[in-house]
file my_file35.tsv (TSV, N, CA and C atoms)
chain	number	residue	atom	x	y	z
K	1	MET	N	62.68	120.73	64.30
K	1	MET	CA	62.23	119.64	65.17
K	1	MET	C	61.69	120.25	66.45
K	2	GLY	N	60.48	119.83	66.82
K	2	GLY	CA	59.87	120.33	68.03
K	2	GLY	C	60.48	119.70	69.27
K	3	LEU	N	60.11	120.24	70.41
K	3	LEU	CA	60.64	119.76	71.69
K	3	LEU	C	60.24	118.31	71.95
K	4	LYS	N	58.98	117.97	71.63
K	4	LYS	CA	58.53	116.59	71.84
K	4	LYS	C	59.29	115.60	70.96
K	5	ALA	N	59.49	115.98	69.71
K	5	ALA	CA	60.23	115.11	68.78
K	5	ALA	C	61.67	114.95	69.24
K	6	TRP	N	62.27	116.04	69.73
K	6	TRP	CA	63.65	116.00	70.23
K	6	TRP	C	63.75	115.05	71.43
K	7	ALA	N	62.80	115.18	72.36
K	7	ALA	CA	62.80	114.31	73.55
K	7	ALA	C	62.62	112.85	73.15
K	8	ARG	N	61.74	112.59	72.17
K	8	ARG	CA	61.54	111.23	71.69
K	8	ARG	C	62.80	110.67	71.04
K	9	SER	N	63.51	111.52	70.28
K	9	SER	CA	64.74	111.06	69.64
K	9	SER	C	65.84	110.79	70.68
K	10	LEU	N	65.86	111.59	71.76
K	10	LEU	CA	66.82	111.32	72.84
K	10	LEU	C	66.55	109.97	73.49
K	11	LYS	N	65.28	109.68	73.74
K	11	LYS	CA	64.93	108.38	74.33
K	11	LYS	C	65.33	107.23	73.41
K	12	ARG	N	65.02	107.39	72.12
K	12	ARG	CA	65.37	106.35	71.14
K	12	ARG	C	66.88	106.18	71.05
K	13	ASP	N	67.61	107.30	70.99
K	13	ASP	CA	69.06	107.22	70.86
K	13	ASP	C	69.71	106.66	72.12
K	14	THR	N	69.15	106.96	73.29
K	14	THR	CA	69.66	106.38	74.53
K	14	THR	C	69.56	104.87	74.48
K	15	HIS	N	68.40	104.38	74.07
K	15	HIS	CA	68.19	102.94	73.96
K	15	HIS	C	69.11	102.35	72.88
K	16	ALA	N	69.25	103.06	71.75
K	16	ALA	CA	70.12	102.58	70.67
K	16	ALA	C	71.58	102.53	71.11
K	17	VAL	N	72.03	103.52	71.86
K	17	VAL	CA	73.40	103.52	72.38
K	17	VAL	C	73.60	102.35	73.34
K	18	TRP	N	72.59	102.10	74.17
K	18	TRP	CA	72.64	100.96	75.10
K	18	TRP	C	72.84	99.66	74.33
K	19	LEU	N	72.10	99.52	73.22
K	19	LEU	CA	72.24	98.32	72.39
K	19	LEU	C	73.57	98.31	71.64
K	20	ALA	N	73.99	99.44	71.11
K	20	ALA	CA	75.23	99.52	70.34
K	20	ALA	C	76.46	99.25	71.21
K	21	ALA	N	76.36	99.58	72.49
K	21	ALA	CA	77.49	99.35	73.39
K	21	ALA	C	77.81	97.87	73.52
K	22	ARG	N	76.84	97.02	73.24
K	22	ARG	CA	77.06	95.57	73.32
K	22	ARG	C	77.47	94.97	71.98
K	23	ASP	N	77.47	95.79	70.96
K	23	ASP	CA	77.80	95.31	69.61
K	23	ASP	C	79.32	95.23	69.44
K	24	PRO	N	79.84	94.11	68.95
K	24	PRO	CA	81.30	93.98	68.79
K	24	PRO	C	81.89	94.93	67.74
K	25	ARG	N	81.06	95.50	66.89
K	25	ARG	CA	81.55	96.46	65.89
K	25	ARG	C	81.79	97.84	66.48
K	26	THR	N	81.36	98.06	67.71
K	26	THR	CA	81.54	99.35	68.38
K	26	THR	C	82.93	99.40	69.01
K	27	PRO	N	83.69	100.47	68.75
K	27	PRO	CA	85.02	100.59	69.37
K	27	PRO	C	84.94	100.60	70.90
K	28	TRP	N	85.98	100.14	71.55
K	28	TRP	CA	85.96	100.00	73.02
K	28	TRP	C	85.71	101.33	73.72
K	29	TYR	N	86.29	102.43	73.23
K	29	TYR	CA	86.11	103.73	73.88
K	29	TYR	C	84.67	104.23	73.74
K	30	ALA	N	84.03	103.91	72.62
K	30	ALA	CA	82.62	104.26	72.45
K	30	ALA	C	81.75	103.38	73.34
K	31	THR	N	82.16	102.14	73.53
K	31	THR	CA	81.43	101.23	74.41
K	31	THR	C	81.46	101.74	75.85
K	32	VAL	N	82.63	102.12	76.32
K	32	VAL	CA	82.77	102.61	77.70
K	32	VAL	C	81.91	103.86	77.92
K	33	LEU	N	82.06	104.83	77.02
K	33	LEU	CA	81.28	106.06	77.15
K	33	LEU	C	79.79	105.78	76.96
K	34	GLY	N	79.45	104.94	76.01
K	34	GLY	CA	78.05	104.60	75.75
K	34	GLY	C	77.38	103.94	76.93
K	35	VAL	N	78.07	103.01	77.56
K	35	VAL	CA	77.51	102.34	78.75
K	35	VAL	C	77.30	103.36	79.87
K	36	ALA	N	78.27	104.22	80.09
K	36	ALA	CA	78.15	105.22	81.16
K	36	ALA	C	77.00	106.18	80.90
K	37	VAL	N	76.92	106.72	79.71
K	37	VAL	CA	75.87	107.69	79.38
K	37	VAL	C	74.50	107.03	79.40
K	38	ALA	N	74.37	105.88	78.75
K	38	ALA	CA	73.08	105.21	78.70
K	38	ALA	C	72.64	104.74	80.09
K	39	ALA	N	73.57	104.20	80.87
K	39	ALA	CA	73.20	103.76	82.22
K	39	ALA	C	72.71	104.93	83.06
K	40	TYR	N	73.39	106.06	82.98
K	40	TYR	CA	72.95	107.24	83.73
K	40	TYR	C	71.59	107.73	83.23
K	41	ALA	N	71.43	107.78	81.91
K	41	ALA	CA	70.17	108.26	81.35
K	41	ALA	C	69.01	107.31	81.66
K	42	LEU	N	69.28	106.02	81.72
K	42	LEU	CA	68.24	105.03	81.98
K	42	LEU	C	68.02	104.73	83.46
K	43	SER	N	68.84	105.34	84.31
K	43	SER	CA	68.70	105.13	85.74
K	43	SER	C	67.39	105.75	86.23
K	44	PRO	N	66.66	105.03	87.06
K	44	PRO	CA	65.42	105.60	87.58
K	44	PRO	C	65.66	106.69	88.63
K	45	ILE	N	66.90	106.86	89.05
K	45	ILE	CA	67.24	107.85	90.07
K	45	ILE	C	68.27	108.81	89.48
K	46	ASP	N	68.02	110.11	89.61
K	46	ASP	CA	68.97	111.12	89.13
K	46	ASP	C	70.04	111.38	90.17
K	47	LEU	N	71.25	111.69	89.69
K	47	LEU	CA	72.32	112.07	90.59
K	47	LEU	C	71.97	113.38	91.30
K	48	ILE	N	71.41	114.31	90.53
K	48	ILE	CA	70.93	115.58	91.09
K	48	ILE	C	69.40	115.53	90.99
K	49	PRO	N	68.68	115.39	92.11
K	49	PRO	CA	67.22	115.28	92.06
K	49	PRO	C	66.59	116.50	91.38
K	50	ASP	N	65.50	116.24	90.66
K	50	ASP	CA	64.84	117.29	89.89
K	50	ASP	C	64.25	118.40	90.76
K	51	PHE	N	64.00	118.13	92.04
K	51	PHE	CA	63.40	119.18	92.88
K	51	PHE	C	64.40	120.27	93.28
K	52	ILE	N	65.69	120.05	93.04
K	52	ILE	CA	66.70	121.08	93.32
K	52	ILE	C	66.63	122.09	92.16
K	53	PRO	N	66.33	123.35	92.47
K	53	PRO	CA	66.16	124.34	91.40
K	53	PRO	C	67.38	124.44	90.49
K	54	VAL	N	67.16	124.56	89.24
K	54	VAL	CA	68.12	124.71	88.15
K	54	VAL	C	69.03	123.48	88.02
K	55	LEU	N	69.78	123.14	89.05
K	55	LEU	CA	70.71	122.01	88.96
K	55	LEU	C	70.01	120.68	88.72
K	56	GLY	N	68.80	120.54	89.26
K	56	GLY	CA	68.05	119.30	89.11
K	56	GLY	C	67.71	118.98	87.66
K	57	LEU	N	67.47	120.01	86.89
K	57	LEU	CA	67.15	119.80	85.47
K	57	LEU	C	68.38	119.88	84.58
K	58	LEU	N	69.48	120.36	85.13
K	58	LEU	CA	70.71	120.53	84.35
K	58	LEU	C	71.20	119.21	83.77
K	59	ASP	N	71.16	118.14	84.56
K	59	ASP	CA	71.63	116.86	84.04
K	59	ASP	C	70.73	116.36	82.92
K	60	ASP	N	69.42	116.58	83.04
K	60	ASP	CA	68.51	116.12	81.99
K	60	ASP	C	68.63	116.95	80.72
K	61	LEU	N	68.93	118.23	80.86
K	61	LEU	CA	68.96	119.11	79.70
K	61	LEU	C	70.34	119.27	79.07
K	62	LEU	N	71.41	119.02	79.82
K	62	LEU	CA	72.75	119.22	79.28
K	62	LEU	C	73.62	117.96	79.29
K	63	ILE	N	73.75	117.33	80.44
K	63	ILE	CA	74.69	116.22	80.59
K	63	ILE	C	74.31	115.04	79.69
K	64	VAL	N	73.07	114.61	79.75
K	64	VAL	CA	72.64	113.46	78.95
K	64	VAL	C	72.72	113.76	77.45
K	65	PRO	N	72.14	114.89	76.96
K	65	PRO	CA	72.26	115.15	75.52
K	65	PRO	C	73.70	115.31	75.04
K	66	LEU	N	74.55	115.98	75.82
K	66	LEU	CA	75.95	116.13	75.40
K	66	LEU	C	76.68	114.80	75.41
K	67	GLY	N	76.43	113.97	76.42
K	67	GLY	CA	77.03	112.64	76.46
K	67	GLY	C	76.57	111.78	75.30
K	68	LEU	N	75.28	111.85	74.98
K	68	LEU	CA	74.77	111.10	73.83
K	68	LEU	C	75.38	111.61	72.52
K	69	TRP	N	75.48	112.92	72.38
K	69	TRP	CA	76.05	113.49	71.16
K	69	TRP	C	77.47	112.98	70.95
K	70	LEU	N	78.28	113.03	72.01
K	70	LEU	CA	79.67	112.57	71.89
K	70	LEU	C	79.71	111.07	71.58
K	71	THR	N	78.89	110.30	72.25
K	71	THR	CA	78.86	108.86	72.01
K	71	THR	C	78.44	108.55	70.57
K	72	LEU	N	77.45	109.28	70.09
K	72	LEU	CA	76.98	109.05	68.71
K	72	LEU	C	78.06	109.39	67.69
K	73	LYS	N	78.93	110.33	68.00
K	73	LYS	CA	80.04	110.67	67.11
K	73	LYS	C	81.08	109.54	67.07
K	74	LEU	N	81.17	108.76	68.15
K	74	LEU	CA	82.20	107.71	68.25
K	74	LEU	C	81.74	106.36	67.71
K	75	ILE	N	80.43	106.15	67.62
K	75	ILE	CA	79.90	104.87	67.14
K	75	ILE	C	79.75	104.93	65.62
K	76	PRO	N	80.21	103.91	64.91
K	76	PRO	CA	80.07	103.91	63.45
K	76	PRO	C	78.60	104.07	63.03
K	77	PRO	N	78.35	104.86	61.98
K	77	PRO	CA	76.97	105.14	61.55
K	77	PRO	C	76.15	103.90	61.21
K	78	GLU	N	76.78	102.90	60.60
K	78	GLU	CA	76.02	101.69	60.24
K	78	GLU	C	75.58	100.91	61.49
K	79	VAL	N	76.39	100.94	62.52
K	79	VAL	CA	76.03	100.30	63.79
K	79	VAL	C	74.85	101.04	64.42
K	80	MET	N	74.93	102.38	64.43
K	80	MET	CA	73.84	103.17	65.01
K	80	MET	C	72.55	103.00	64.23
K	81	ALA	N	72.63	102.91	62.91
K	81	ALA	CA	71.42	102.74	62.10
K	81	ALA	C	70.70	101.45	62.47
K	82	THR	N	71.48	100.38	62.65
K	82	THR	CA	70.90	99.09	63.03
K	82	THR	C	70.21	99.18	64.38
K	83	HIS	N	70.87	99.79	65.34
K	83	HIS	CA	70.34	99.81	66.70
K	83	HIS	C	69.26	100.88	66.89
K	84	ARG	N	69.29	101.94	66.08
K	84	ARG	CA	68.18	102.90	66.12
K	84	ARG	C	66.89	102.23	65.66
K	85	ALA	N	66.99	101.43	64.61
K	85	ALA	CA	65.81	100.71	64.13
K	85	ALA	C	65.29	99.74	65.19
K	86	ALA	N	66.20	99.05	65.87
K	86	ALA	CA	65.80	98.12	66.93
K	86	ALA	C	65.17	98.86	68.10
K	87	ALA	N	65.74	100.02	68.45
K	87	ALA	CA	65.20	100.82	69.56
K	87	ALA	C	63.83	101.39	69.21
K	88	GLU	N	63.65	101.77	67.96
K	88	GLU	CA	62.36	102.30	67.49
K	88	GLU	C	61.29	101.22	67.57
K	89	ALA	N	61.66	99.99	67.25
K	89	ALA	CA	60.71	98.88	67.23
K	89	ALA	C	60.42	98.32	68.63
K	90	ALA	N	61.28	98.61	69.60
K	90	ALA	CA	61.13	98.06	70.95
K	90	ALA	C	59.89	98.65	71.63
K	91	ALA	N	59.20	97.80	72.36
K	91	ALA	CA	57.97	98.23	73.05
K	91	ALA	C	58.28	99.06	74.29
K	92	ASP	N	59.32	98.69	75.00
K	92	ASP	CA	59.65	99.42	76.23
K	92	ASP	C	61.15	99.66	76.27
K	93	ARG	N	61.53	100.66	77.06
K	93	ARG	CA	62.94	100.98	77.14
K	93	ARG	C	63.54	100.35	78.40
K	94	PRO	N	64.81	99.99	78.35
K	94	PRO	CA	65.44	99.34	79.51
K	94	PRO	C	65.61	100.32	80.68
K	95	VAL	N	65.80	99.74	81.85
K	95	VAL	CA	66.06	100.52	83.06
K	95	VAL	C	67.36	100.02	83.64
K	96	SER	N	68.23	100.94	84.05
K	96	SER	CA	69.52	100.55	84.60
K	96	SER	C	69.47	100.58	86.12
K	97	ARG	N	69.29	99.42	86.71
K	97	ARG	CA	69.26	99.33	88.17
K	97	ARG	C	70.67	99.46	88.77
K	98	VAL	N	71.67	99.06	88.00
K	98	VAL	CA	73.06	99.20	88.46
K	98	VAL	C	73.40	100.68	88.61
K	99	ALA	N	73.02	101.48	87.62
K	99	ALA	CA	73.27	102.93	87.71
K	99	ALA	C	72.50	103.52	88.88
K	100	ALA	N	71.29	103.05	89.12
K	100	ALA	CA	70.52	103.53	90.26
K	100	ALA	C	71.25	103.21	91.57
K	101	ALA	N	71.81	102.01	91.65
K	101	ALA	CA	72.56	101.63	92.85
K	101	ALA	C	73.80	102.50	93.03
K	102	VAL	N	74.48	102.80	91.93
K	102	VAL	CA	75.66	103.68	91.99
K	102	VAL	C	75.27	105.06	92.50
K	103	VAL	N	74.17	105.59	91.98
K	103	VAL	CA	73.69	106.91	92.43
K	103	VAL	C	73.36	106.87	93.92
K	104	ILE	N	72.70	105.82	94.36
K	104	ILE	CA	72.36	105.69	95.79
K	104	ILE	C	73.63	105.64	96.63
K	105	PHE	N	74.64	104.88	96.20
K	105	PHE	CA	75.90	104.81	96.94
K	105	PHE	C	76.62	106.16	96.98
K	106	ILE	N	76.53	106.91	95.89
K	106	ILE	CA	77.13	108.26	95.88
K	106	ILE	C	76.43	109.14	96.90
K	107	TRP	N	75.10	109.10	96.92
K	107	TRP	CA	74.34	109.91	97.90
K	107	TRP	C	74.66	109.48	99.34
K	108	ILE	N	74.77	108.18	99.59
K	108	ILE	CA	75.10	107.69	100.93
K	108	ILE	C	76.50	108.16	101.31
K	109	GLY	N	77.45	108.07	100.35
K	109	GLY	CA	78.81	108.54	100.62
K	109	GLY	C	78.86	110.03	100.92
K	110	LEU	N	78.12	110.82	100.15
K	110	LEU	CA	78.07	112.27	100.39
K	110	LEU	C	77.43	112.58	101.74
K	111	ALA	N	76.34	111.88	102.07
K	111	ALA	CA	75.68	112.10	103.36
K	111	ALA	C	76.60	111.69	104.51
K	112	GLY	N	77.29	110.57	104.35
K	112	GLY	CA	78.23	110.13	105.39
K	112	GLY	C	79.39	111.10	105.55
K	113	SER	N	79.91	111.60	104.44
K	113	SER	CA	81.01	112.58	104.50
K	113	SER	C	80.55	113.87	105.17
K	114	ALA	N	79.36	114.32	104.83
K	114	ALA	CA	78.83	115.53	105.45
K	114	ALA	C	78.61	115.32	106.94
K	115	GLY	N	78.09	114.15	107.31
K	115	GLY	CA	77.89	113.85	108.72
K	115	GLY	C	79.20	113.79	109.48
K	116	LEU	N	80.20	113.16	108.90
K	116	LEU	CA	81.53	113.08	109.53
K	116	LEU	C	82.14	114.47	109.67
K	117	TRP	N	82.00	115.29	108.64
K	117	TRP	CA	82.53	116.66	108.68
K	117	TRP	C	81.83	117.45	109.79
K	118	LEU	N	80.50	117.33	109.88
K	118	LEU	CA	79.77	118.05	110.93
K	118	LEU	C	80.15	117.55	112.31
K	119	PHE	N	80.35	116.24	112.44
K	119	PHE	CA	80.72	115.65	113.72
K	119	PHE	C	82.10	116.16	114.17
K	120	THR	N	83.06	116.18	113.25
K	120	THR	CA	84.41	116.64	113.63
K	120	THR	C	84.41	118.15	113.90
K	121	ARG	N	83.57	118.90	113.22
K	121	ARG	CA	83.49	120.35	113.47
K	121	ARG	C	82.86	120.64	114.83
K	122	SER	N	81.87	119.84	115.23
K	122	SER	CA	81.21	120.09	116.50
K	122	SER	C	82.04	119.58	117.68
K	123	ALA	N	83.00	118.68	117.42
K	123	ALA	CA	83.83	118.12	118.49
K	123	ALA	C	84.93	119.08	118.91
K	124	ARG	N	85.15	120.12	118.14
K	124	ARG	CA	86.24	121.08	118.46
K	124	ARG	C	85.87	122.00	119.55

call {"tool": "encode", "arguments": {"input": "my_file35.tsv", "output": "structure tokens"}}
result
Amino acid sequence: MGLKAWARSLKRDTHAVWLAARDPRTPWYATVLGVAVAAYALSPIDLIPDFIPVLGLLDDLLIVPLGLWLTLKLIPPEVMATHRAAAEAAADRPVSRVAAAVVIFIWIGLAGSAGLWLFTRSAR
């Protein structure tokens, strides 16, 4: 499988996991992990921005595929087959604005913590 085909299958499987997470036939632990992985993968904002050397691409190349792999192992094959077909037929892929908001809040919290740390260090 070429790199393009692999990337296309990741996109399809991300969408399929997003759909399978809402399916009542999916076990609760697969639903929790599936929602987390799919929401992060579908978020328009990365936790680690791509412009940061090496680390920026690490989430796209390791975290998302490994999370999808684990989730796919937990979801029953017949459920995944149904939702893979639906994801393949879908015209567009969903976007997780909630995950984007979570990422923004994490960045704001980190910036605030760093600012507070710098403020207390300079006050000494």

call {"tool": "closest_residue", "arguments": {"input": "my_file35.tsv", "among": "K:Val79, K:Ile45, K:Val37, K:Val102", "to": "Leu62 of chain K", "atoms": "only C-alpha atoms"}}
result
K:Val37

call {"tool": "closest_atom_pairs", "arguments": {"input": "my_file35.tsv", "of": "segment 34-58 of chain K", "to": "segment 80-101 of chain K", "cutoff": "8 Å", "atoms": "only N, CA and C atoms", "output": "CSV"}}
result
residue,atom,partner,partner_atom,distance
K:Ala38,C,K:Ser96,CA,6.9
K:Ala39,C,K:Ala99,CA,5.1
K:Tyr40,N,K:Ala99,CA,5.7
K:Ala41,C,K:Ser96,N,6.8
K:Leu42,C,K:Ser96,N,3.8
K:Ser43,N,K:Ser96,N,4.4
K:Pro44,N,K:Ala100,CA,5.2
K:Ile45,N,K:Ala100,CA,5.1
K:Asp46,N,K:Ala100,CA,7.1

call {"tool": "atom_distance", "arguments": {"input": "my_file35.tsv", "atom1": "atom N of Ala30 of chain K", "atom2": "atom CA of Leu74 of chain K"}}
result
6.1 Å

call {"tool": "atom_distance", "arguments": {"input": "my_file35.tsv", "atom1": "atom C of Val103 of chain K", "atom2": "atom CA of Leu47 of chain K"}}
result
6.3 Å

call {"tool": "closest_residue", "arguments": {"input": "my_file35.tsv", "among": "K:Leu19, K:Leu110, K:Leu58, K:Leu70", "to": "Leu33 of chain K", "atoms": "all atoms listed in the file"}}
result
K:Leu70

call {"tool": "select_by_dssp", "arguments": {"input": "my_file35.tsv", "residues": "chain K", "states": "alpha helix (DSSP H)", "output": "number ranges by chain"}}
result
K: 3-20, 28-42, 55-58, 64-74, 77-89, 97-122

call {"tool": "atom_distance", "arguments": {"input": "my_file35.tsv", "atom1": "atom CA of Gly67 of chain K", "atom2": "atom CA of Ala36 of chain K"}}
result
8.9 Å

call {"tool": "axis_aligned_box", "arguments": {"input": "my_file35.tsv", "around": "segment 70-89 of chain K", "padding_each_side": "6 Å", "output": "JSON"}}
result
{"center_x": 71.3, "center_y": 105.6, "center_z": 66.2, "size_x": 33.8, "size_y": 26.9, "size_z": 24.0}

call {"tool": "closest_residue", "arguments": {"input": "my_file35.tsv", "among": "K:Ala123, K:Ile63, K:Val35, K:Ile106", "to": "Ala21 of chain K", "atoms": "all atoms listed in the file"}}
result
K:Val35

call {"tool": "residues_around", "arguments": {"input": "my_file35.tsv", "residues": "Leu10 of chain K", "least_positions_apart": "2", "cutoff": "10 Å", "atoms": "only C-alpha atoms", "output": "list in words"}}
result
Lys4, Ala5, Trp6, Ala7, Arg8, Arg12, Asp13, Thr14, His15, Ala16, Ala41, Val64, Pro65, Leu68 and Trp69 of chain K

call {"tool": "closest_residue", "arguments": {"input": "my_file35.tsv", "among": "K:Lys11, K:Ile104, K:Leu72, K:Pro24", "to": "Asp60 of chain K", "atoms": "only C-alpha atoms"}}
result
K:Lys11

call {"tool": "decode", "arguments": {"input": "my_file35.tsv", "residues": "segment 4-60 of chain K", "atoms": "C-alpha atoms", "output": "tab-separated table (two decimals), in the first residue's frame"}}
result
chain	number	residue	atom	x	y	z
K	4	LYS	CA	-1.39	8.09	-0.48
K	5	ALA	CA	-3.56	4.99	-0.11
K	6	TRP	CA	-2.52	4.68	3.55
K	7	ALA	CA	-3.42	8.34	4.23
K	8	ARG	CA	-6.77	7.86	2.47
K	9	SER	CA	-7.51	4.76	4.56
K	10	LEU	CA	-6.65	6.70	7.75
K	11	LYS	CA	-9.13	9.42	6.79
K	12	ARG	CA	-11.81	6.84	5.99
K	13	ASP	CA	-11.17	4.89	9.20
K	14	THR	CA	-11.23	8.07	11.29
K	15	HIS	CA	-14.65	8.90	9.89
K	16	ALA	CA	-15.78	5.27	10.32
K	17	VAL	CA	-14.64	5.24	13.97
K	18	TRP	CA	-16.52	8.52	14.51
K	19	LEU	CA	-19.66	6.83	13.18
K	20	ALA	CA	-19.06	3.53	15.01
K	21	ALA	CA	-18.65	5.35	18.32
K	22	ARG	CA	-22.34	6.26	18.09
K	23	ASP	CA	-23.42	2.73	17.26
K	24	PRO	CA	-25.05	0.84	20.19
K	25	ARG	CA	-23.26	-2.36	19.09
K	26	THR	CA	-19.90	-0.76	19.95
K	27	PRO	CA	-18.62	-1.57	23.47
K	28	TRP	CA	-18.45	1.40	25.85
K	29	TYR	CA	-14.63	1.31	26.15
K	30	ALA	CA	-14.28	1.36	22.35
K	31	THR	CA	-16.76	4.23	22.22
K	32	VAL	CA	-14.77	6.31	24.72
K	33	LEU	CA	-11.46	5.70	22.96
K	34	GLY	CA	-13.05	6.09	19.52
K	35	VAL	CA	-14.58	9.45	20.37
K	36	ALA	CA	-11.29	10.72	21.80
K	37	VAL	CA	-9.17	9.55	18.86
K	38	ALA	CA	-11.62	10.62	16.17
K	39	ALA	CA	-12.28	14.00	17.80
K	40	TYR	CA	-8.55	14.70	18.01
K	41	ALA	CA	-7.95	13.51	14.44
K	42	LEU	CA	-10.89	15.55	13.11
K	43	SER	CA	-10.00	18.67	15.07
K	44	PRO	CA	-9.01	21.55	12.80
K	45	ILE	CA	-6.35	22.54	15.36
K	46	ASP	CA	-3.44	20.30	16.38
K	47	LEU	CA	-2.33	20.01	19.99
K	48	ILE	CA	1.25	20.28	18.74
K	49	PRO	CA	1.32	22.73	15.78
K	50	ASP	CA	2.92	21.35	12.62
K	51	PHE	CA	5.46	24.19	12.43
K	52	ILE	CA	7.28	22.82	15.52
K	53	PRO	CA	10.07	20.65	14.08
K	54	VAL	CA	9.65	16.89	14.51
K	55	LEU	CA	7.08	17.12	17.34
K	56	GLY	CA	4.58	18.91	15.12
K	57	LEU	CA	4.32	15.95	12.79
K	58	LEU	CA	4.65	13.34	15.53
K	59	ASP	CA	0.96	13.47	16.43
K	60	ASP	CA	-0.07	13.09	12.79
